[in-house]
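A.B. asks: Got a structure for you, work01.cif, holding mmCIF, C-alpha atoms.
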```cif
data_data
loop_
_atom_site.label_atom_id
_atom_site.label_comp_id
_atom_site.auth_asym_id
_atom_site.auth_seq_id
_atom_site.Cartn_x
_atom_site.Cartn_y
_atom_site.Cartn_z
CA MET A 1 54.07 113.08 134.65
CA THR A 2 53.38 116.52 133.20
CA THR A 3 49.98 117.47 131.84
CA LEU A 4 49.74 119.10 128.44
CA GLY A 5 48.68 122.39 130.11
CA ASP A 6 51.97 122.98 131.92
CA PHE A 7 54.21 121.64 129.14
CA PRO A 8 57.34 123.83 129.42
CA ASP A 9 57.80 126.54 126.78
CA TRP A 10 61.41 125.67 125.88
CA ALA A 11 60.44 122.08 125.14
CA ALA A 12 57.38 123.15 123.14
CA TRP A 13 59.56 125.38 120.95
CA LEU A 14 62.16 122.65 120.45
CA VAL A 15 59.52 120.05 119.57
CA ALA A 16 57.83 122.47 117.16
CA LEU A 17 61.18 123.29 115.54
CA CYS A 18 62.07 119.61 115.06
CA VAL A 19 58.65 118.64 113.68
CA LEU A 20 58.48 121.66 111.37
CA ALA A 21 62.01 121.10 110.05
CA GLY A 22 61.25 117.43 109.45
CA SER A 23 57.98 118.13 107.67
CA ALA A 24 59.58 120.88 105.56
CA VAL A 25 62.31 118.51 104.36
CA THR A 26 59.74 115.79 103.63
CA LEU A 27 57.64 118.34 101.69
CA ILE A 28 60.69 119.32 99.62
CA GLY A 29 61.20 115.63 98.89
CA SER A 30 57.59 115.31 97.71
CA ILE A 31 57.94 118.42 95.53
CA GLY A 32 61.03 116.75 94.10
CA LEU A 33 58.88 113.78 93.05
CA LEU A 34 56.83 116.22 90.98
CA ARG A 35 59.68 118.31 89.62
CA LEU A 36 62.29 115.72 88.69
CA GLY A 37 62.29 114.55 85.13
CA ASN A 38 62.61 110.79 84.83
CA PHE A 39 62.11 107.70 86.95
CA TYR A 40 65.72 107.29 88.13
CA ALA A 41 65.95 110.92 89.21
CA ARG A 42 62.61 110.68 90.99
CA VAL A 43 63.73 107.77 93.16
CA HIS A 44 66.15 110.19 94.86
CA ALA A 45 63.45 112.53 96.13
CA PRO A 46 61.65 110.41 98.76
CA THR A 47 64.94 109.62 100.52
CA LEU A 48 64.79 113.13 101.98
CA GLY A 49 61.67 112.20 103.91
CA ALA A 50 63.11 108.82 104.86
CA THR A 51 66.33 110.24 106.32
CA PHE A 52 66.41 113.78 107.69
CA GLY A 53 62.63 114.27 107.59
CA MET A 54 62.04 111.10 109.58
CA GLY A 55 64.96 111.81 111.92
CA ALA A 56 63.82 115.31 112.87
CA ILE A 57 60.20 114.24 113.44
CA LEU A 58 61.35 111.29 115.58
CA VAL A 59 63.63 113.53 117.68
CA GLY A 60 60.64 115.84 118.20
CA SER A 61 58.46 112.88 119.17
CA ALA A 62 61.03 111.45 121.60
CA LEU A 63 61.53 114.88 123.17
CA PHE A 64 57.79 115.52 123.50
CA PHE A 65 56.95 112.23 125.19
CA SER A 66 60.10 112.27 127.36
CA VAL A 67 59.17 115.70 128.78
CA LEU A 68 55.47 114.82 129.03
CA GLU A 69 56.07 111.58 130.93
CA THR A 70 59.24 112.85 132.70
CA ARG A 71 61.18 109.70 131.75
CA PRO A 72 63.29 108.89 128.68
CA VAL A 73 61.07 107.63 125.86
CA VAL A 74 63.42 106.27 123.21
CA HIS A 75 61.56 103.62 121.26
CA GLU A 76 61.62 106.05 118.31
CA ILE A 77 65.12 104.61 117.77
CA LEU A 78 63.41 101.41 116.60
CA ILE A 79 61.36 103.30 113.99
CA ALA A 80 64.57 104.93 112.74
CA VAL A 81 66.39 101.57 112.50
CA PHE A 82 63.49 99.84 110.72
CA VAL A 83 62.88 102.68 108.25
CA THR A 84 66.62 102.99 107.50
CA CYS A 85 66.92 99.26 106.81
CA THR A 86 63.71 98.82 104.78
CA THR A 87 63.35 101.97 102.63
CA PRO A 88 66.58 101.39 100.65
CA VAL A 89 65.48 97.82 99.88
CA THR A 90 62.22 99.09 98.34
CA LEU A 91 63.99 101.86 96.41
CA MET A 92 66.61 99.47 95.05
CA LEU A 93 63.88 97.03 94.00
CA LEU A 94 61.96 99.80 92.18
CA ALA A 95 65.06 101.19 90.47
CA ARG A 96 66.29 97.74 89.43
CA ALA A 97 62.85 96.85 88.05
CA ALA A 98 62.89 100.05 86.01
CA LEU A 99 66.42 99.28 84.79
CA TYR A 100 65.39 95.76 83.81
CA ARG A 101 62.36 97.04 81.91
CA ASP A 102 64.37 99.73 80.11
CA ARG A 103 67.09 97.24 79.14
CA THR A 104 64.48 94.76 77.91
CA GLU A 105 62.89 97.47 75.81
CA GLY A 106 66.33 98.33 74.43
CA SER A 107 66.17 101.90 75.71
CA SER A 108 69.20 104.01 74.84
CA ASP A 109 68.86 106.08 78.05
CA VAL A 110 70.30 103.36 80.28
CA PRO A 111 73.71 101.71 80.01
CA PRO A 112 73.45 98.17 78.59
CA ALA A 113 74.15 95.19 80.85
CA ASP A 114 77.60 94.41 79.41
CA ALA A 115 78.99 97.94 79.51
CA ALA A 116 79.93 97.73 83.16
CA GLU A 117 83.69 97.43 82.58
CA ASN A 118 84.10 100.87 81.04
CA PRO A 119 83.11 103.77 83.27
CA LEU A 120 80.48 105.67 81.34
CA PRO A 121 80.47 109.35 80.50
CA PRO A 122 77.76 111.32 82.29
CA GLN A 123 74.48 111.01 80.47
CA GLN A 124 71.71 113.49 80.24
CA GLY A 125 68.91 112.19 82.44
CA MET B 1 78.81 78.63 124.86
CA ASN B 2 78.86 78.27 121.09
CA TRP B 3 75.80 75.99 121.00
CA LEU B 4 73.84 78.31 123.30
CA LEU B 5 74.67 81.57 121.50
CA PRO B 6 75.62 80.91 117.86
CA TYR B 7 75.13 84.61 117.02
CA PRO B 8 75.83 86.61 120.20
CA LEU B 9 75.50 90.03 118.51
CA LEU B 10 72.16 89.11 116.94
CA SER B 11 70.86 87.86 120.28
CA ALA B 12 72.00 91.03 122.04
CA ALA B 13 70.34 93.19 119.37
CA LEU B 14 67.09 91.22 119.63
CA LEU B 15 67.10 91.55 123.43
CA ALA B 16 67.65 95.31 123.11
CA LEU B 17 64.81 95.44 120.56
CA TRP B 18 62.48 93.58 122.93
CA LEU B 19 63.29 95.86 125.87
CA LEU B 20 62.87 98.99 123.73
CA LEU B 21 59.54 97.78 122.33
CA ASN B 22 58.22 97.09 125.82
CA GLN B 23 59.84 100.20 127.33
CA SER B 24 60.82 98.25 130.40
CA ILE B 25 63.92 96.72 131.99
CA SER B 26 62.02 94.67 134.56
CA PRO B 27 63.51 91.19 135.28
CA GLY B 28 60.46 89.54 133.70
CA HIS B 29 61.00 91.28 130.38
CA ILE B 30 64.75 90.58 130.47
CA VAL B 31 64.07 86.84 130.93
CA LEU B 32 61.34 86.73 128.26
CA GLY B 33 63.45 88.83 125.83
CA SER B 34 66.52 86.62 126.40
CA VAL B 35 64.52 83.44 125.71
CA ILE B 36 63.17 84.96 122.47
CA ALA B 37 66.62 86.23 121.45
CA ILE B 38 68.25 82.81 122.02
CA LEU B 39 65.46 80.92 120.21
CA ALA B 40 65.68 83.33 117.26
CA SER B 41 69.45 82.89 117.03
CA TRP B 42 68.95 79.09 116.91
CA VAL B 43 66.56 79.57 113.99
CA MET B 44 69.23 81.73 112.34
CA ALA B 45 71.83 78.98 112.99
CA ALA B 46 69.53 76.45 111.26
CA LEU B 47 69.63 78.66 108.14
CA ARG B 48 73.47 78.57 108.31
CA PRO B 49 74.32 81.97 106.87
CA GLU B 50 77.97 82.88 106.53
CA LYS B 51 78.89 84.27 109.93
CA PRO B 52 80.04 87.90 109.73
CA ARG B 53 83.10 88.89 111.70
CA ILE B 54 83.08 92.45 112.85
CA ARG B 55 86.75 93.20 113.25
CA ARG B 56 86.94 96.78 114.39
CA PRO B 57 84.04 98.26 116.35
CA GLY B 58 85.87 101.60 116.41
CA ALA B 59 85.88 101.76 112.62
CA ALA B 60 82.16 100.89 112.63
CA LEU B 61 81.43 103.81 114.94
CA ARG B 62 83.51 106.15 112.78
CA LEU B 63 81.68 104.93 109.67
CA ALA B 64 78.31 105.56 111.36
CA GLY B 65 79.38 109.12 112.15
CA ILE B 66 80.64 109.74 108.60
CA VAL B 67 77.41 108.33 107.11
CA LEU B 68 75.20 110.46 109.39
CA PHE B 69 77.15 113.57 108.42
CA ASP B 70 77.02 112.69 104.71
CA ILE B 71 73.26 112.02 104.86
CA LEU B 72 72.71 115.43 106.44
CA ARG B 73 74.90 117.09 103.81
CA SER B 74 73.22 115.29 100.89
CA ASN B 75 69.78 116.21 102.26
CA ILE B 76 70.76 119.86 101.96
CA ALA B 77 72.35 119.34 98.52
CA VAL B 78 69.37 117.43 97.06
CA GLY B 79 66.87 119.83 98.65
CA ARG B 80 68.74 122.72 97.07
CA ILE B 81 68.63 121.05 93.64
CA ILE B 82 64.88 120.44 93.93
CA VAL B 83 64.03 123.94 95.12
CA ARG B 84 66.54 126.11 93.25
CA SER B 85 67.35 124.35 90.00
CA ARG B 86 65.28 125.46 87.03
CA GLU B 87 65.42 122.02 85.49
CA PRO B 88 66.15 119.63 88.38
CA GLY B 89 67.80 116.38 87.46
CA MET B 90 69.58 117.76 84.40
CA ASN B 91 72.94 116.60 85.75
CA ALA B 92 71.68 113.15 86.70
CA GLY B 93 73.45 110.16 85.24
CA PHE B 94 74.74 106.62 85.64
CA LEU B 95 78.15 105.90 87.11
CA THR B 96 80.15 102.67 87.19
CA ILE B 97 82.65 102.09 89.97
CA PRO B 98 85.06 99.17 90.32
CA LEU B 99 84.93 97.79 93.88
CA ASP B 100 87.65 95.82 95.68
CA MET B 101 85.36 94.60 98.45
CA ARG B 102 83.97 91.06 98.10
CA SER B 103 82.48 90.49 101.56
CA HIS B 104 78.72 89.93 101.28
CA GLN B 105 77.96 91.72 104.53
CA GLY B 106 80.14 94.66 103.55
CA LEU B 107 78.39 94.98 100.18
CA ALA B 108 74.98 94.77 101.88
CA VAL B 109 75.90 97.59 104.26
CA LEU B 110 77.36 99.63 101.38
CA SER B 111 74.12 99.23 99.40
CA LEU B 112 72.11 100.50 102.40
CA ILE B 113 74.46 103.47 102.86
CA ILE B 114 74.43 104.43 99.18
CA THR B 115 70.68 104.09 98.71
CA SER B 116 69.63 105.79 101.94
CA THR B 117 71.90 108.76 101.20
CA PRO B 118 69.83 111.20 99.13
CA GLY B 119 71.24 111.69 95.65
CA THR B 120 72.68 108.21 95.05
CA ILE B 121 71.01 104.84 94.37
CA TRP B 122 72.59 101.43 94.12
CA LEU B 123 71.43 99.97 90.80
CA ASP B 124 73.44 96.98 89.76
CA TYR B 125 76.35 94.97 91.12
CA ASP B 126 78.25 92.65 88.85
CA ALA B 127 79.75 90.02 91.17
CA ALA B 128 81.98 88.53 88.45
CA LYS B 129 83.66 91.81 87.51
CA GLY B 130 83.20 93.47 90.90
CA THR B 131 81.70 96.61 89.41
CA LEU B 132 78.88 98.61 90.85
CA MET B 133 76.50 100.78 88.85
CA LEU B 134 74.95 103.78 90.56
CA HIS B 135 72.53 106.46 89.57
CA VAL B 136 73.62 109.87 90.83
CA LEU B 137 71.38 112.93 90.86
CA ASP B 138 74.17 115.48 90.67
CA LEU B 139 76.84 113.89 88.50
CA VAL B 140 79.04 116.91 87.81
CA ASP B 141 82.38 115.38 88.70
CA GLU B 142 82.64 111.58 88.53
CA THR B 143 85.97 111.40 90.34
CA VAL B 144 84.50 113.07 93.43
CA TRP B 145 81.81 110.39 93.69
CA ILE B 146 84.25 107.54 93.08
CA GLU B 147 86.56 109.03 95.71
CA THR B 148 83.67 109.34 98.20
CA ILE B 149 82.46 105.79 97.81
CA LYS B 150 85.84 104.07 97.57
CA GLY B 151 87.78 106.27 99.96
CA ARG B 152 85.17 107.10 102.58
CA TYR B 153 82.94 104.01 102.72
CA GLU B 154 84.61 101.04 101.05
CA ARG B 155 87.92 101.42 102.85
CA LEU B 156 86.26 101.49 106.30
CA LEU B 157 83.86 98.65 105.40
CA MET B 158 86.80 96.50 104.28
CA GLU B 159 88.55 97.21 107.59
CA ILE B 160 85.41 96.10 109.44
CA PHE B 161 84.35 93.03 107.47
CA GLU B 162 87.46 91.64 105.73
#
```
Before we go any further, please render this structure as structure tokens.

C.D. replies:
Amino acid sequence: MTTLGDFPDWAAWLVALCVLAGSAVTLIGSIGLLRLGNFYARVHAPTLGATFGMGAILVGSALFFSVLETRPVVHEILIAVFVTCTTPVTLMLLARAALYRDRTEGSSDVPPADAAENPLPPQQG
Amino acid sequence: MNWLLPYPLLSAALLALWLLLNQSISPGHIVLGSVIAILASWVMAALRPEKPRIRRPGAALRLAGIVLFDILRSNIAVGRIIVRSREPGMNAGFLTIPLDMRSHQGLAVLSLIITSTPGTIWLDYDAAKGTLMLHVLDLVDETVWIETIKGRYERLLMEIFE
């Protein structure tokens, strides 16, 4: 057991680096939510926070508590597994709801339901 | 053995989950976790889902490595589009890919891989035609994306699940 006062410098730097990198990537993802143009493009932005952002912060957390308690603390793995399995489900649900709404409204920005057999040319989003 | 452990992998994963949650490998927690894992796998057996067969654990490990690397790479690519591009999302578009894989578990894993990788979302899968519709943030070259999904992910997933 180490107290916070004599937390080693090398570990403090590594933890700070991990947490800062993770938060920076998550921030870029949030800026993406603002900057991207339409709904489908916006769904891509939060995945930055849910993948690398989360990963780097969790590595920092595991490192911090492992050094502080001088034993491996790895239950961050569970957070990573749960977030990785649940975030895509939410994103898919949101994107499919948007697709359903756009198709119902007869929007010309999304491919119609029966066009799936011909690969579509890239569309301006 | 089959009646006791209908889903051995699920039970093992649940036991690992229990031990990780409690941060302990004391005999008491191992016994309690095993009882919970076995009971949960009996509940799963009562639901009678199609039992997945994981053929090649080596291929699964290789796939996990490839996916981790691709997620890291796409994080950088999407971050660069958001920060640098004057009009981010101008190359975004829909893409339809014909898939050869029919295994439900394989498709479920593929949907998780595609959606959790920044820059691609799984939108629609037509089970009758076997086509998958994606939305891609940086759709400059369609063939590169089709090659990535069919060559990198689908081939390995078919080796594992079919």

A.B. asks: With distances taken over all atoms listed in the file, which residue among A:Val59, A:Ala113, A:Val81, A:Val15 lies nearest Arg101 (chain A)?

C.D. replies: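 Nearest to Arg101 (chain A): A:Ala113.
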
A.B. asks: When the cut-off is 6 Å and we count all atoms listed in the file, which residues of chain B are near chain A, given as an MDAnalysis selection string?

C.D. replies: chainID B and resid 20 75 82 88:90 92:93 96 112 115:116 118:119 123

A.B. asks: CA of Leu4 (chain B) and CA of Leu61 (chain B) are how many Å apart?

C.D. replies: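 Calculated distance between CA of Leu4 (chain B) and CA of Leu61 (chain B) is 27.9 Å.
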
A.B. asks: Can you tell me how far CA of Tyr100 (chain A) sits from CA of Gly151 (chain B), in Å to one decimal?

C.D. replies: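 About the pair CA of Tyr100 (chain A) and CA of Gly151 (chain B): they are 29.5 Å apart.
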
A.B. asks: Write out as a list in words which residues come within 7 Å of Ala56 (chain A) when counting all atoms listed in the file, dropping same-chain ones fewer than 6 positions away.

C.D. replies: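 Skipping anything fewer than 6 positions along the chain leaves Cys18, Val19, Ala21 and Gly22 of chain A.
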
A.B. asks: I would like the residues chosen by the PyMOL selection byres ((chain B and resi 121) around 6) on the shown file; could you give them as JSON, numbers by chain?

C.D. replies: {"B": [114, 115, 120, 122, 134, 135]}

A.B. asks: Could those selected residues go to a file with C-alpha atoms, as a compact mmCIF listing (two decimals), in the coordinates of the input?

C.D. replies:
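Written file, part-v1.txt:
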```
# COMPACT_ATOMS: atom_id res chain seq x y z
CA ILE B 114 74.43 104.43 99.18
CA THR B 115 70.68 104.09 98.71
CA THR B 120 72.68 108.21 95.05
CA TRP B 122 72.59 101.43 94.12
CA LEU B 134 74.95 103.78 90.56
CA HIS B 135 72.53 106.46 89.57
```

A.B. asks: At what distance in Å, to one decimal, does CA of Leu95 (chain B) lie from CA of Thr104 (chain A)?

C.D. replies: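 Here the two named atoms are 19.9 Å from each other.
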
A.B. asks: Using all atoms listed in the file, find the one residue out of B:Asn2, B:Ile71, B:Pro52, B:Asp141 that sits nearest to Asn91 (chain B).

C.D. replies: B:Asp141

A.B. asks: Name all residues at most 12 Å from Val43 (chain B) (count all atoms listed in the file; drop same-chain ones fewer than 6 positions away) and give them as a PyMOL selection string.

C.D. replies: chain B and resi 4-7+10-11+36-37+49

A.B. asks: What residues have an atom no more than 9 Å from (55.5, 119.1, 116.2) in the file's own frame, counting all atoms listed in the file, and can you write them as a list of chain:residue names?

C.D. replies: A:Ala12, A:Trp13, A:Leu14, A:Val15, A:Ala16, A:Leu17, A:Cys18, A:Val19, A:Leu20, A:Ser23, A:Ile57, A:Gly60, A:Ser61, A:Phe64

A.B. asks: Supply region 98-118 of chain B as a compact mmCIF listing (two decimals), in the coordinates of the input, with N, CA and C atoms built in where the input has gaps.

C.D. replies:
```txt
# COMPACT_ATOMS: atom_id res chain seq x y z
N PRO B 98 84.49 100.48 89.99
CA PRO B 98 85.06 99.17 90.32
C PRO B 98 85.26 99.06 91.83
N LEU B 99 84.78 97.98 92.43
CA LEU B 99 84.93 97.79 93.88
C LEU B 99 85.95 96.69 94.16
N ASP B 100 86.69 96.86 95.27
CA ASP B 100 87.65 95.82 95.68
C ASP B 100 87.04 94.91 96.74
N MET B 101 85.94 95.36 97.35
CA MET B 101 85.36 94.60 98.45
C MET B 101 84.58 93.42 97.90
N ARG B 102 84.72 92.23 98.54
CA ARG B 102 83.97 91.06 98.10
C ARG B 102 83.08 90.52 99.21
N SER B 103 83.26 91.01 100.42
CA SER B 103 82.48 90.49 101.56
C SER B 103 81.00 90.79 101.36
N HIS B 104 80.16 89.74 101.50
CA HIS B 104 78.72 89.93 101.28
C HIS B 104 78.12 90.92 102.26
N GLN B 105 78.53 90.81 103.54
CA GLN B 105 77.96 91.72 104.53
C GLN B 105 78.37 93.16 104.24
N GLY B 106 79.65 93.32 103.85
CA GLY B 106 80.14 94.66 103.55
C GLY B 106 79.37 95.28 102.39
N LEU B 107 79.13 94.47 101.34
CA LEU B 107 78.39 94.98 100.18
C LEU B 107 76.95 95.32 100.57
N ALA B 108 76.36 94.49 101.45
CA ALA B 108 74.98 94.77 101.88
C ALA B 108 74.93 96.11 102.62
N VAL B 109 75.89 96.33 103.52
CA VAL B 109 75.90 97.59 104.26
C VAL B 109 76.15 98.76 103.31
N LEU B 110 77.08 98.56 102.34
CA LEU B 110 77.36 99.63 101.38
C LEU B 110 76.11 99.97 100.57
N SER B 111 75.32 98.95 100.20
CA SER B 111 74.12 99.23 99.40
C SER B 111 73.11 100.03 100.23
N LEU B 112 73.02 99.72 101.54
CA LEU B 112 72.11 100.50 102.40
C LEU B 112 72.59 101.94 102.51
N ILE B 113 73.91 102.11 102.70
CA ILE B 113 74.46 103.47 102.86
C ILE B 113 74.19 104.28 101.60
N ILE B 114 74.53 103.68 100.44
CA ILE B 114 74.43 104.43 99.18
C ILE B 114 72.98 104.78 98.88
N THR B 115 72.07 103.83 99.08
CA THR B 115 70.68 104.09 98.71
C THR B 115 70.00 105.02 99.71
N SER B 116 70.34 104.92 101.00
CA SER B 116 69.63 105.79 101.94
C SER B 116 70.22 107.20 101.94
N THR B 117 71.40 107.40 101.35
CA THR B 117 71.90 108.76 101.20
C THR B 117 71.17 109.42 100.03
N PRO B 118 70.52 110.56 100.25
CA PRO B 118 69.83 111.20 99.13
C PRO B 118 70.81 111.53 98.01
```
